[in-house]
file start_23.cif (mmCIF, C-alpha atoms)
data_model
#
loop_
_atom_site.group_PDB
_atom_site.id
_atom_site.type_symbol
_atom_site.label_atom_id
_atom_site.label_comp_id
_atom_site.auth_asym_id
_atom_site.auth_seq_id
_atom_site.Cartn_x
_atom_site.Cartn_y
_atom_site.Cartn_z
ATOM 1 C CA GLN A 1 -14.452 12.118 45.015
ATOM 2 C CA ASP A 2 -16.452 10.985 48.041
ATOM 3 C CA PHE A 3 -14.573 8.227 49.866
ATOM 4 C CA THR A 4 -17.219 7.508 52.488
ATOM 5 C CA PRO A 5 -17.325 3.725 53.090
ATOM 6 C CA ILE A 6 -20.732 2.140 52.453
ATOM 7 C CA GLU A 7 -22.332 -0.985 53.876
ATOM 8 C CA VAL A 8 -22.641 -3.914 51.478
ATOM 9 C CA PRO A 9 -23.524 -7.585 52.044
ATOM 10 C CA ARG A 10 -20.620 -9.752 53.129
ATOM 11 C CA PRO A 11 -19.694 -11.966 50.153
ATOM 12 C CA LYS A 12 -19.488 -15.738 50.328
ATOM 13 C CA PRO A 13 -16.701 -17.696 48.633
ATOM 14 C CA GLY A 14 -17.601 -19.999 45.787
ATOM 15 C CA PRO A 15 -15.544 -22.994 44.632
ATOM 16 C CA GLY A 16 -11.835 -22.178 44.545
ATOM 17 C CA GLN A 17 -12.375 -18.821 46.232
ATOM 18 C CA VAL A 18 -11.302 -17.364 49.564
ATOM 19 C CA LEU A 19 -12.867 -14.623 51.677
ATOM 20 C CA VAL A 20 -10.210 -12.529 53.415
ATOM 21 C CA ASN A 21 -10.736 -10.131 56.310
ATOM 22 C CA VAL A 22 -8.524 -7.238 55.189
ATOM 23 C CA LYS A 23 -6.161 -5.788 57.802
ATOM 24 C CA ALA A 24 -4.139 -3.467 55.550
ATOM 25 C CA ALA A 25 -4.447 -2.165 51.983
ATOM 26 C CA ALA A 26 -1.829 -0.176 50.079
ATOM 27 C CA LEU A 27 -2.424 2.474 47.428
ATOM 28 C CA ASN A 28 -0.605 2.731 44.109
ATOM 29 C CA PRO A 29 -0.639 5.333 41.316
ATOM 30 C CA ILE A 30 -2.587 2.875 39.155
ATOM 31 C CA ASP A 31 -5.533 3.112 41.568
ATOM 32 C CA ILE A 32 -6.025 6.760 40.662
ATOM 33 C CA THR A 33 -5.430 6.136 36.960
ATOM 34 C CA VAL A 34 -8.019 3.367 36.758
ATOM 35 C CA MET A 35 -10.579 5.318 38.800
ATOM 36 C CA LEU A 36 -10.249 8.223 36.371
ATOM 37 C CA GLY A 37 -11.057 5.918 33.461
ATOM 38 C CA VAL A 38 -7.850 6.728 31.609
ATOM 39 C CA LEU A 39 -7.046 3.104 30.854
ATOM 40 C CA GLU A 40 -10.496 1.981 29.715
ATOM 41 C CA ALA A 41 -9.401 2.845 26.160
ATOM 42 C CA LEU A 42 -6.929 -0.039 26.473
ATOM 43 C CA GLY A 43 -9.745 -2.462 27.148
ATOM 44 C CA TRP A 44 -9.295 -2.466 30.909
ATOM 45 C CA ALA A 45 -12.648 -3.223 32.477
ATOM 46 C CA LYS A 46 -14.136 -1.178 35.297
ATOM 47 C CA ASP A 47 -17.482 -2.308 36.641
ATOM 48 C CA ASP A 48 -20.055 0.269 37.705
ATOM 49 C CA LYS A 49 -19.644 -1.013 41.270
ATOM 50 C CA TYR A 50 -15.860 -1.241 41.056
ATOM 51 C CA THR A 51 -14.082 -1.191 44.425
ATOM 52 C CA PRO A 52 -10.547 0.224 44.136
ATOM 53 C CA GLY A 53 -7.345 -1.138 45.631
ATOM 54 C CA TYR A 54 -5.168 -4.040 44.502
ATOM 55 C CA ASP A 55 -2.673 -4.600 47.332
ATOM 56 C CA PHE A 56 -3.855 -6.072 50.612
ATOM 57 C CA ALA A 57 -2.991 -8.322 53.521
ATOM 58 C CA GLY A 58 -5.349 -9.951 55.964
ATOM 59 C CA VAL A 59 -6.707 -13.084 57.607
ATOM 60 C CA VAL A 60 -8.624 -15.861 55.879
ATOM 61 C CA ALA A 61 -12.232 -15.695 57.067
ATOM 62 C CA GLN A 62 -13.753 -18.464 54.952
ATOM 63 C CA VAL A 63 -12.684 -20.806 52.161
ATOM 64 C CA GLY A 64 -14.769 -22.160 49.303
ATOM 65 C CA GLU A 65 -15.147 -25.705 48.104
ATOM 66 C CA GLY A 66 -11.966 -27.254 46.749
ATOM 67 C CA VAL A 67 -9.514 -24.924 48.504
ATOM 68 C CA LYS A 68 -6.877 -27.182 50.057
ATOM 69 C CA ASP A 69 -3.839 -25.056 50.884
ATOM 70 C CA LEU A 70 -5.535 -22.334 52.940
ATOM 71 C CA LYS A 71 -7.734 -22.394 56.006
ATOM 72 C CA GLU A 72 -9.561 -19.985 58.284
ATOM 73 C CA GLY A 73 -7.103 -17.939 60.340
ATOM 74 C CA ASP A 74 -4.205 -18.046 57.860
ATOM 75 C CA GLU A 75 -2.476 -14.701 57.368
ATOM 76 C CA VAL A 76 -2.240 -13.928 53.645
ATOM 77 C CA PHE A 77 -1.473 -11.192 51.146
ATOM 78 C CA ALA A 78 -1.725 -10.605 47.394
ATOM 79 C CA VAL A 79 -2.104 -8.178 44.543
ATOM 80 C CA ASN A 80 -5.570 -8.793 43.103
ATOM 81 C CA TRP A 81 -4.496 -8.298 39.525
ATOM 82 C CA SER A 82 -4.671 -10.443 36.395
ATOM 83 C CA LEU A 83 -3.438 -13.976 36.988
ATOM 84 C CA ASP A 84 -0.225 -15.128 35.291
ATOM 85 C CA VAL A 85 -1.282 -17.760 32.754
ATOM 86 C CA GLY A 86 1.777 -17.400 30.539
ATOM 87 C CA GLN A 87 0.822 -14.156 28.773
ATOM 88 C CA LEU A 88 3.513 -11.564 28.000
ATOM 89 C CA ILE A 89 2.019 -8.787 30.124
ATOM 90 C CA GLY A 90 -0.910 -8.444 32.481
ATOM 91 C CA LYS A 91 -3.782 -6.022 32.991
ATOM 92 C CA HIS A 92 -5.867 -5.337 36.035
ATOM 93 C CA SER A 93 -8.726 -7.698 35.109
ATOM 94 C CA ASP A 94 -8.786 -11.324 34.028
ATOM 95 C CA ASP A 95 -11.178 -14.166 33.215
ATOM 96 C CA THR A 96 -11.987 -14.704 36.889
ATOM 97 C CA GLY A 97 -13.776 -11.346 36.892
ATOM 98 C CA MET A 98 -12.252 -10.702 40.310
ATOM 99 C CA TYR A 99 -9.851 -7.775 40.472
ATOM 100 C CA GLY A 100 -9.221 -4.821 42.734
ATOM 101 C CA GLY A 101 -11.525 -4.700 45.744
ATOM 102 C CA ALA A 102 -8.839 -4.235 48.400
ATOM 103 C CA LEU A 103 -10.431 -1.138 49.941
ATOM 104 C CA ALA A 104 -13.040 -3.148 51.800
ATOM 105 C CA GLU A 105 -13.254 -4.981 55.111
ATOM 106 C CA PHE A 106 -13.627 -8.269 53.231
ATOM 107 C CA ILE A 107 -12.295 -9.228 49.816
ATOM 108 C CA LEU A 108 -13.246 -12.244 47.726
ATOM 109 C CA ILE A 109 -10.341 -13.607 45.692
ATOM 110 C CA PRO A 110 -9.338 -16.805 43.849
ATOM 111 C CA ALA A 111 -7.236 -18.976 46.145
ATOM 112 C CA GLN A 112 -4.529 -19.311 43.502
ATOM 113 C CA LYS A 113 -3.734 -15.590 43.789
ATOM 114 C CA LEU A 114 -2.995 -15.695 47.528
ATOM 115 C CA SER A 115 0.330 -16.112 49.312
ATOM 116 C CA LYS A 116 0.914 -16.675 52.998
ATOM 117 C CA LYS A 117 2.342 -13.842 55.093
ATOM 118 C CA ALA A 118 5.306 -14.523 57.356
ATOM 119 C CA LYS A 119 4.554 -13.973 61.040
ATOM 120 C CA ASP A 120 7.339 -11.410 61.515
ATOM 121 C CA VAL A 121 6.266 -9.279 58.550
ATOM 122 C CA SER A 122 3.553 -6.756 59.412
ATOM 123 C CA PHE A 123 0.249 -6.581 57.592
ATOM 124 C CA ALA A 124 1.199 -3.088 56.385
ATOM 125 C CA GLU A 125 4.491 -4.328 54.909
ATOM 126 C CA ALA A 126 2.824 -7.330 53.288
ATOM 127 C CA ALA A 127 0.172 -5.123 51.697
ATOM 128 C CA ALA A 128 2.847 -2.710 50.512
ATOM 129 C CA ILE A 129 5.076 -5.219 48.709
ATOM 130 C CA ALA A 130 2.803 -7.219 46.413
ATOM 131 C CA LEU A 131 2.207 -4.912 43.422
ATOM 132 C CA VAL A 132 5.468 -2.978 43.430
ATOM 133 C CA GLY A 133 7.569 -6.022 44.253
ATOM 134 C CA SER A 134 5.943 -8.160 41.562
ATOM 135 C CA THR A 135 6.351 -5.357 39.028
ATOM 136 C CA ALA A 136 10.026 -4.853 39.877
ATOM 137 C CA LEU A 137 10.894 -8.562 39.959
ATOM 138 C CA GLN A 138 9.061 -9.454 36.755
ATOM 139 C CA SER A 139 10.351 -6.406 34.863
ATOM 140 C CA LEU A 140 13.953 -7.211 35.750
ATOM 141 C CA ARG A 141 13.449 -10.868 34.879
ATOM 142 C CA VAL A 142 12.101 -10.158 31.384
ATOM 143 C CA ALA A 143 14.877 -7.597 30.847
ATOM 144 C CA GLY A 144 17.619 -10.019 31.878
ATOM 145 C CA GLY A 145 18.642 -7.974 34.891
ATOM 146 C CA LEU A 146 18.713 -10.780 37.455
ATOM 147 C CA THR A 147 22.232 -11.972 36.706
ATOM 148 C CA ALA A 148 25.452 -11.255 38.599
ATOM 149 C CA GLY A 149 27.645 -8.685 36.895
ATOM 150 C CA LYS A 150 24.904 -7.214 34.705
ATOM 151 C CA LYS A 151 24.908 -3.418 34.454
ATOM 152 C CA VAL A 152 21.469 -2.113 35.398
ATOM 153 C CA LEU A 153 20.270 1.494 35.440
ATOM 154 C CA VAL A 154 17.005 2.123 37.295
ATOM 155 C CA LEU A 155 15.453 5.511 36.626
ATOM 156 C CA GLY A 156 13.563 6.638 39.712
ATOM 157 C CA GLY A 157 15.144 5.036 42.761
ATOM 158 C CA SER A 158 12.829 6.871 45.148
ATOM 159 C CA GLY A 159 9.628 5.521 43.622
ATOM 160 C CA ALA A 160 8.128 2.418 45.193
ATOM 161 C CA VAL A 161 8.827 0.181 42.166
ATOM 162 C CA GLY A 162 12.247 1.660 41.403
ATOM 163 C CA ASN A 163 13.369 1.369 45.011
ATOM 164 C CA ILE A 164 12.500 -2.326 45.201
ATOM 165 C CA ALA A 165 13.988 -2.931 41.741
ATOM 166 C CA VAL A 166 17.371 -1.568 42.868
ATOM 167 C CA GLN A 167 17.310 -3.850 45.909
ATOM 168 C CA ILE A 168 16.346 -6.947 43.906
ATOM 169 C CA ALA A 169 18.959 -6.336 41.210
ATOM 170 C CA LYS A 170 21.648 -5.877 43.869
ATOM 171 C CA LEU A 171 20.469 -9.039 45.605
ATOM 172 C CA HIS A 172 21.213 -10.909 42.368
ATOM 173 C CA GLY A 173 24.722 -9.464 42.090
ATOM 174 C CA ALA A 174 24.090 -6.860 39.416
ATOM 175 C CA ILE A 175 25.960 -3.548 39.204
ATOM 176 C CA VAL A 176 23.167 -1.070 39.825
ATOM 177 C CA TRP A 177 22.912 2.657 39.253
ATOM 178 C CA THR A 178 19.859 4.768 39.946
ATOM 179 C CA THR A 179 18.597 8.339 39.920
ATOM 180 C CA ALA A 180 17.108 10.561 42.606
ATOM 181 C CA SER A 181 16.390 14.219 43.276
ATOM 182 C CA ALA A 182 17.955 16.410 45.926
ATOM 183 C CA ARG A 183 14.770 15.934 47.987
ATOM 184 C CA THR A 184 14.873 12.137 47.786
ATOM 185 C CA MET A 185 18.630 11.524 47.752
ATOM 186 C CA ASP A 186 18.981 10.681 51.455
ATOM 187 C CA TYR A 187 16.026 8.315 51.234
ATOM 188 C CA VAL A 188 17.478 6.428 48.259
ATOM 189 C CA VAL A 189 20.898 6.236 49.913
ATOM 190 C CA SER A 190 19.411 4.816 53.114
ATOM 191 C CA THR A 191 17.047 2.300 51.505
ATOM 192 C CA THR A 192 19.077 0.863 48.631
ATOM 193 C CA ARG A 193 22.571 -0.476 48.118
ATOM 194 C CA ALA A 194 22.963 1.091 44.688
ATOM 195 C CA ASP A 195 26.530 1.300 43.418
ATOM 196 C CA LEU A 196 25.944 4.861 42.217
ATOM 197 C CA ILE A 197 23.080 7.306 42.835
ATOM 198 C CA LEU A 198 22.819 10.281 40.496
ATOM 199 C CA ASP A 199 21.157 13.575 41.292
ATOM 200 C CA ARG A 200 19.134 13.899 38.111
ATOM 201 C CA LYS A 201 19.299 17.704 38.268
ATOM 202 C CA LYS A 202 23.094 17.705 38.403
ATOM 203 C CA ALA A 203 24.034 14.842 36.081
ATOM 204 C CA THR A 204 22.756 13.675 32.699
ATOM 205 C CA TRP A 205 22.925 9.901 32.867
ATOM 206 C CA HIS A 206 22.953 9.264 29.123
ATOM 207 C CA GLU A 207 25.977 11.540 28.671
ATOM 208 C CA MET A 208 28.143 10.013 31.419
ATOM 209 C CA VAL A 209 31.206 8.112 30.250
ATOM 210 C CA GLU A 210 30.723 5.626 33.099
ATOM 211 C CA PHE A 211 27.511 4.465 31.510
ATOM 212 C CA LYS A 212 28.699 2.444 28.550
ATOM 213 C CA ASP A 213 27.414 -0.906 27.312
ATOM 214 C CA VAL A 214 24.697 -0.983 29.955
ATOM 215 C CA ASP A 215 22.679 -4.205 29.916
ATOM 216 C CA VAL A 216 19.349 -2.938 31.237
ATOM 217 C CA VAL A 217 17.642 0.433 31.538
ATOM 218 C CA PHE A 218 14.486 0.238 33.647
ATOM 219 C CA ASP A 219 12.414 3.423 33.572
ATOM 220 C CA ALA A 220 10.297 3.235 36.716
ATOM 221 C CA VAL A 221 9.362 6.910 36.770
ATOM 222 C CA GLY A 222 8.398 7.974 33.231
ATOM 223 C CA GLU A 223 11.357 10.151 32.341
ATOM 224 C CA ALA A 224 11.006 12.139 29.108
ATOM 225 C CA LYS A 225 12.768 10.589 26.099
ATOM 226 C CA SER A 226 14.071 7.736 28.233
ATOM 227 C CA LEU A 227 13.989 5.194 25.386
ATOM 228 C CA GLU A 228 15.732 7.559 22.991
ATOM 229 C CA ASN A 229 18.407 8.299 25.589
ATOM 230 C CA ALA A 230 18.699 4.676 26.720
ATOM 231 C CA LYS A 231 19.726 3.680 23.196
ATOM 232 C CA LYS A 232 22.805 5.877 23.617
ATOM 233 C CA ILE A 233 24.177 3.791 26.480
ATOM 234 C CA LEU A 234 22.710 0.317 26.073
ATOM 235 C CA ALA A 235 24.882 -2.479 24.776
ATOM 236 C CA LYS A 236 23.897 -4.302 21.611
ATOM 237 C CA GLY A 237 21.302 -6.792 22.738
ATOM 238 C CA GLY A 238 20.514 -4.704 25.830
ATOM 239 C CA SER A 239 17.010 -4.229 27.188
ATOM 240 C CA TYR A 240 14.810 -1.231 27.898
ATOM 241 C CA ILE A 241 11.765 -1.680 30.131
ATOM 242 C CA THR A 242 9.342 1.020 31.237
ATOM 243 C CA ILE A 243 6.244 1.013 33.418
ATOM 244 C CA ALA A 244 5.356 4.599 32.578
ATOM 245 C CA ASN A 245 4.910 4.850 28.796
ATOM 246 C CA PRO A 246 1.631 3.236 27.665
ATOM 247 C CA ALA A 247 2.509 4.004 24.034
ATOM 248 C CA LEU A 248 5.000 1.133 24.285
ATOM 249 C CA ILE A 249 2.485 -1.452 25.531
ATOM 250 C CA PRO A 250 2.901 -4.360 23.077
ATOM 251 C CA LYS A 251 -0.214 -5.367 21.158
ATOM 252 C CA LYS A 252 1.463 -8.571 19.938
ATOM 253 C CA PRO A 253 4.614 -10.437 21.070
ATOM 254 C CA ASP A 254 6.831 -9.200 18.238
ATOM 255 C CA ASP A 255 6.217 -5.581 19.240
ATOM 256 C CA ILE A 256 8.826 -5.877 21.985
ATOM 257 C CA LYS A 257 11.548 -6.332 19.347
ATOM 258 C CA LYS A 258 10.821 -3.221 17.290
ATOM 259 C CA HIS A 259 13.841 -1.263 18.504
ATOM 260 C CA PRO A 260 17.004 -3.014 17.244
ATOM 261 C CA PRO A 261 19.773 -3.471 18.206
ATOM 262 C CA LEU A 262 18.025 -3.752 21.573
ATOM 263 C CA ARG A 263 16.849 -7.216 22.578
ATOM 264 C CA VAL A 264 13.561 -5.860 23.923
ATOM 265 C CA ALA A 265 12.023 -2.435 24.498
ATOM 266 C CA PHE A 266 8.471 -2.155 25.810
ATOM 267 C CA HIS A 267 6.094 -1.148 28.590
ATOM 268 C CA TYR A 268 5.736 -3.982 31.090
ATOM 269 C CA ILE A 269 2.602 -4.650 33.148
ATOM 270 C CA LEU A 270 2.740 -7.026 36.086
ATOM 271 C CA LYS A 271 0.850 -10.282 36.538
ATOM 272 C CA ASN A 272 -0.324 -11.911 39.756
ATOM 273 C CA ASN A 273 2.129 -14.736 40.296
ATOM 274 C CA LYS A 274 1.968 -16.625 43.580
ATOM 275 C CA THR A 275 5.543 -17.912 43.237
ATOM 276 C CA ASP A 276 6.815 -14.356 42.869
ATOM 277 C CA GLN A 277 4.769 -13.212 45.871
ATOM 278 C CA ASP A 278 6.163 -16.087 47.928
ATOM 279 C CA GLN A 279 9.707 -15.097 46.948
ATOM 280 C CA LEU A 280 9.139 -11.467 47.863
ATOM 281 C CA MET A 281 7.779 -12.484 51.248
ATOM 282 C CA ASN A 282 10.782 -14.730 51.876
ATOM 283 C CA TRP A 283 13.152 -11.873 51.072
ATOM 284 C CA LEU A 284 11.229 -9.512 53.337
ATOM 285 C CA ASN A 285 11.204 -12.016 56.168
ATOM 286 C CA GLN A 286 14.943 -12.619 55.803
ATOM 287 C CA GLY A 287 15.715 -8.891 55.680
ATOM 288 C CA LYS A 288 17.164 -9.154 52.179
ATOM 289 C CA ILE A 289 14.831 -6.454 50.867
ATOM 290 C CA LYS A 290 12.830 -3.793 52.675
ATOM 291 C CA VAL A 291 9.631 -2.019 51.736
ATOM 292 C CA THR A 292 9.094 1.430 53.203
ATOM 293 C CA VAL A 293 5.677 2.276 54.590
ATOM 294 C CA ALA A 294 5.603 6.057 54.293
ATOM 295 C CA LYS A 295 2.298 6.687 55.989
ATOM 296 C CA THR A 296 -0.551 4.726 57.556
ATOM 297 C CA MET A 297 -4.107 5.990 57.799
ATOM 298 C CA PRO A 298 -7.335 4.492 59.161
ATOM 299 C CA PHE A 299 -9.965 2.946 56.904
ATOM 300 C CA ALA A 300 -12.507 5.728 57.339
ATOM 301 C CA LYS A 301 -13.615 8.612 55.120
ATOM 302 C CA ASP A 302 -10.971 11.048 56.381
ATOM 303 C CA GLY A 303 -8.191 8.456 56.293
ATOM 304 C CA ILE A 304 -9.059 7.243 52.805
ATOM 305 C CA THR A 305 -9.321 10.804 51.506
ATOM 306 C CA GLU A 306 -5.962 11.715 53.044
ATOM 307 C CA ALA A 307 -4.346 8.598 51.596
ATOM 308 C CA PHE A 308 -5.527 9.354 48.056
ATOM 309 C CA GLN A 309 -4.536 13.019 48.351
ATOM 310 C CA PHE A 310 -1.059 12.076 49.543
ATOM 311 C CA GLN A 311 -0.738 9.461 46.806
ATOM 312 C CA ALA A 312 -1.822 11.954 44.152
ATOM 313 C CA SER A 313 0.687 14.552 45.366
ATOM 314 C CA GLY A 314 3.595 12.522 44.006
ATOM 315 C CA LYS A 315 5.639 13.318 47.102
ATOM 316 C CA SER A 316 5.510 9.910 48.765
ATOM 317 C CA MET A 317 8.724 8.127 49.617
ATOM 318 C CA GLY A 318 7.432 4.630 50.223
ATOM 319 C CA LYS A 319 3.901 3.234 50.306
ATOM 320 C CA ASN A 320 0.710 4.738 51.691
ATOM 321 C CA VAL A 321 -1.258 2.117 53.616
ATOM 322 C CA LEU A 322 -4.764 2.030 55.050
ATOM 323 C CA LEU A 323 -5.211 0.066 58.274
ATOM 324 C CA PHE A 324 -8.493 -1.632 59.221
#

call {"tool": "encode", "arguments": {"input": "start_23.cif", "output": "structure tokens"}}
result
Amino acid sequence: QDFTPIEVPRPKPGPGQVLVNVKAAALNPIDITVMLGVLEALGWAKDDKYTPGYDFAGVVAQVGEGVKDLKEGDEVFAVNWSLDVGQLIGKHSDDTGMYGGALAEFILIPAQKLSKKAKDVSFAEAAAIALVGSTALQSLRVAGGLTAGKKVLVLGGSGAVGNIAVQIAKLHGAIVWTTASARTMDYVVSTTRADLILDRKKATWHEMVEFKDVDVVFDAVGEAKSLENAKKILAKGGSYITIANPALIPKKPDDIKKHPPLRVAFHYILKNNKTDQDQLMNWLNQGKIKVTVAKTMPFAKDGITEAFQFQASGKSMGKNVLLF
């Protein structure tokens, strides 16, 4: 793949739209998946001139007619993903026809998708939190894991989504367990406040006597047979959520209830929700959660290539961010 940036005309915002001068853009595994065309079979659009990247932070350069809450110079961030209009799950495109596009000096985006960045949060951190934070928060919410005393197991505490999910669940008073490898153990210990962290090579979570009547299992890493094994430890009425098993993407609302006695069991896909983004930013600004920026690279051919190679390696602990 040739990641040489090309010159294109600077877009102009139409009614309800905002033009943002991008200062930082974060990569996610989904960027590679969508670029490879794997998800087009699910009906996920990809224009011939598709510009990758969903997470970004920057400065408002121009606002379109009717935009009241934002002005030139405001520092903002967002995940340019499908807008939350009450649907069960999202996908990367929506009726606005504006999705992705973060790997560019300027991005055109509907104003309703943007949140303001706190002054003390860096552009890199703001870009890094939107997709993974929204995914973690929304997944836990639909699973019922945002309640004090709930027992929550997050598979994959070193992954960007899993790491934030552990922090958010703990913030809400849940009892949280997670998994890590020997390589990532120190990272998970230092970045989360999990009540128990299992070395997945040394312990089999679904056979541990401590894990009984668990309320939520959140598979943030795509562990083999995780649903089958989760049923062994989940309480009646418990919930299983994954972000790594497309076979469990619900085609209709009732599909999430096809695994009794579990309350729900399905693959969740985030939605752009400004209220959720605002909450994540507040938590970041208050130091209640932290997002790790693993590596920053310049927005140039070599930097973009390095960022995608590092992302594809699966060795990242934290987010890979391009700086403009």

call {"tool": "closest_residue", "arguments": {"input": "start_23.cif", "among": "A:Ala104, A:Ile6, A:Leu196, A:Leu280", "to": "Ala136 of chain A", "atoms": "all atoms listed in the file"}}
result
A:Leu280

call {"tool": "closest_atom_pairs", "arguments": {"input": "start_23.cif", "of": "segment 199-297 of chain A", "to": "segment 179-194 of chain A", "cutoff": "7 Å", "atoms": "all atoms listed in the file", "output": "Markdown table"}}
result
| residue | atom | partner | partner_atom | distance |
| --- | --- | --- | --- | --- |
| A:Asp199 | CA | A:Ser181 | CA | 5.2 |
| A:Arg200 | CA | A:Ser181 | CA | 5.9 |
| A:Lys201 | CA | A:Ser181 | CA | 6.8 |

call {"tool": "closest_residue", "arguments": {"input": "start_23.cif", "among": "A:Asn285, A:Ser316, A:Thr51, A:Thr4", "to": "Met35 of chain A", "atoms": "all atoms listed in the file"}}
result
A:Thr51

call {"tool": "residues_around", "arguments": {"input": "start_23.cif", "residues": "Gly237 of chain A", "least_positions_apart": "4", "cutoff": "7 Å", "atoms": "only C-alpha atoms", "output": "list of chain:residue names"}}
result
A:Pro261, A:Leu262, A:Arg263

call {"tool": "residues_around", "arguments": {"input": "start_23.cif", "residues": "Asp302 of chain A", "least_positions_apart": "2", "cutoff": "12 Å", "atoms": "all atoms listed in the file", "output": "ChimeraX atom specification"}}
result
/A:1-5,297-300,304-309,322

call {"tool": "atom_distance", "arguments": {"input": "start_23.cif", "atom1": "atom CA of Ala78 of chain A", "atom2": "atom CA of Lys274 of chain A"}}
result
8.0 Å

call {"tool": "resolve_selection", "arguments": {"input": "start_23.cif", "expression": "the PyMOL selection byres ((chain A and resi 146) around 10)", "output": "PyMOL selection string"}}
result
chain A and resi 137-145+147-150+152+168-174

call {"tool": "write_last_selection", "arguments": {"input": "start_23.cif", "atoms": "C-alpha atoms", "output": "tab-separated table (two decimals), keeping the file's coordinate frame"}}
result
chain	number	residue	atom	x	y	z
A	137	LEU	CA	10.89	-8.56	39.96
A	138	GLN	CA	9.06	-9.45	36.76
A	139	SER	CA	10.35	-6.41	34.86
A	140	LEU	CA	13.95	-7.21	35.75
A	141	ARG	CA	13.45	-10.87	34.88
A	142	VAL	CA	12.10	-10.16	31.38
A	143	ALA	CA	14.88	-7.60	30.85
A	144	GLY	CA	17.62	-10.02	31.88
A	145	GLY	CA	18.64	-7.97	34.89
A	147	THR	CA	22.23	-11.97	36.71
A	148	ALA	CA	25.45	-11.26	38.60
A	149	GLY	CA	27.64	-8.68	36.90
A	150	LYS	CA	24.90	-7.21	34.70
A	152	VAL	CA	21.47	-2.11	35.40
A	168	ILE	CA	16.35	-6.95	43.91
A	169	ALA	CA	18.96	-6.34	41.21
A	170	LYS	CA	21.65	-5.88	43.87
A	171	LEU	CA	20.47	-9.04	45.60
A	172	HIS	CA	21.21	-10.91	42.37
A	173	GLY	CA	24.72	-9.46	42.09
A	174	ALA	CA	24.09	-6.86	39.42

call {"tool": "resolve_selection", "arguments": {"input": "start_23.cif", "expression": "the PyMOL selection byres ((chain A and resi 90-97) around 6)", "output": "ChimeraX atom specification"}}
result
/A:81-82,89,98-99,269-271

call {"tool": "atom_distance", "arguments": {"input": "start_23.cif", "atom1": "atom CA of Glu228 of chain A", "atom2": "atom CA of Val166 of chain A"}}
result
21.9 Å

call {"tool": "atom_distance", "arguments": {"input": "start_23.cif", "atom1": "atom CA of Gly238 of chain A", "atom2": "atom CA of Glu223 of chain A"}}
result
18.6 Å

call {"tool": "closest_atom_pairs", "arguments": {"input": "start_23.cif", "of": "segment 145-250 of chain A", "to": "segment 108-130 of chain A", "cutoff": "12 Å", "atoms": "only C-alpha atoms", "output": "tab-separated table"}}
result
residue	atom	partner	partner_atom	distance
A:Ala160	CA	A:Ile129	CA	8.9
A:Val161	CA	A:Ile129	CA	9.3
A:Asn163	CA	A:Ile129	CA	11.2
A:Ile164	CA	A:Ile129	CA	8.7
A:Ala165	CA	A:Ile129	CA	11.5

call {"tool": "resolve_selection", "arguments": {"input": "start_23.cif", "expression": "the PyMOL selection byres ((chain A and resi 69-75) around 6)", "output": "PyMOL selection string"}}
result
chain A and resi 58-62+68+76+116-117

call {"tool": "residues_near_point", "arguments": {"input": "start_23.cif", "point": "(-0.5, -8.5, 21.2)", "cutoff": "12 Å", "atoms": "all atoms listed in the file", "output": "list in words"}}
result
Leu42, Gln87, Leu88, Ile89, Gly90, Leu248, Ile249, Pro250, Lys251, Lys252, Pro253, Asp254, Asp255, Ile256 and Phe266 of chain A

call {"tool": "residues_near_point", "arguments": {"input": "start_23.cif", "point": "(7.0, 5.9, 34.1)", "cutoff": "6 Å", "atoms": "only C-alpha atoms", "output": "count of residues only"}}
result
7

call {"tool": "closest_residue", "arguments": {"input": "start_23.cif", "among": "A:Gly133, A:Gly314, A:Gly14, A:Gly162", "to": "Val63 of chain A", "atoms": "all atoms listed in the file"}}
result
A:Gly14

call {"tool": "closest_residue", "arguments": {"input": "start_23.cif", "among": "A:Ser134, A:Ser158, A:Trp177, A:Ala25", "to": "Leu83 of chain A", "atoms": "only C-alpha atoms"}}
result
A:Ser134

call {"tool": "closest_residue", "arguments": {"input": "start_23.cif", "among": "A:Met317, A:Val79, A:Val291, A:Val18", "to": "Leu131 of chain A", "atoms": "all atoms listed in the file"}}
result
A:Val79

call {"tool": "residues_around", "arguments": {"input": "start_23.cif", "residues": "Gly318 of chain A", "least_positions_apart": "3", "cutoff": "6 Å", "atoms": "all atoms listed in the file", "output": "number ranges by chain"}}
result
A: 160, 292-294
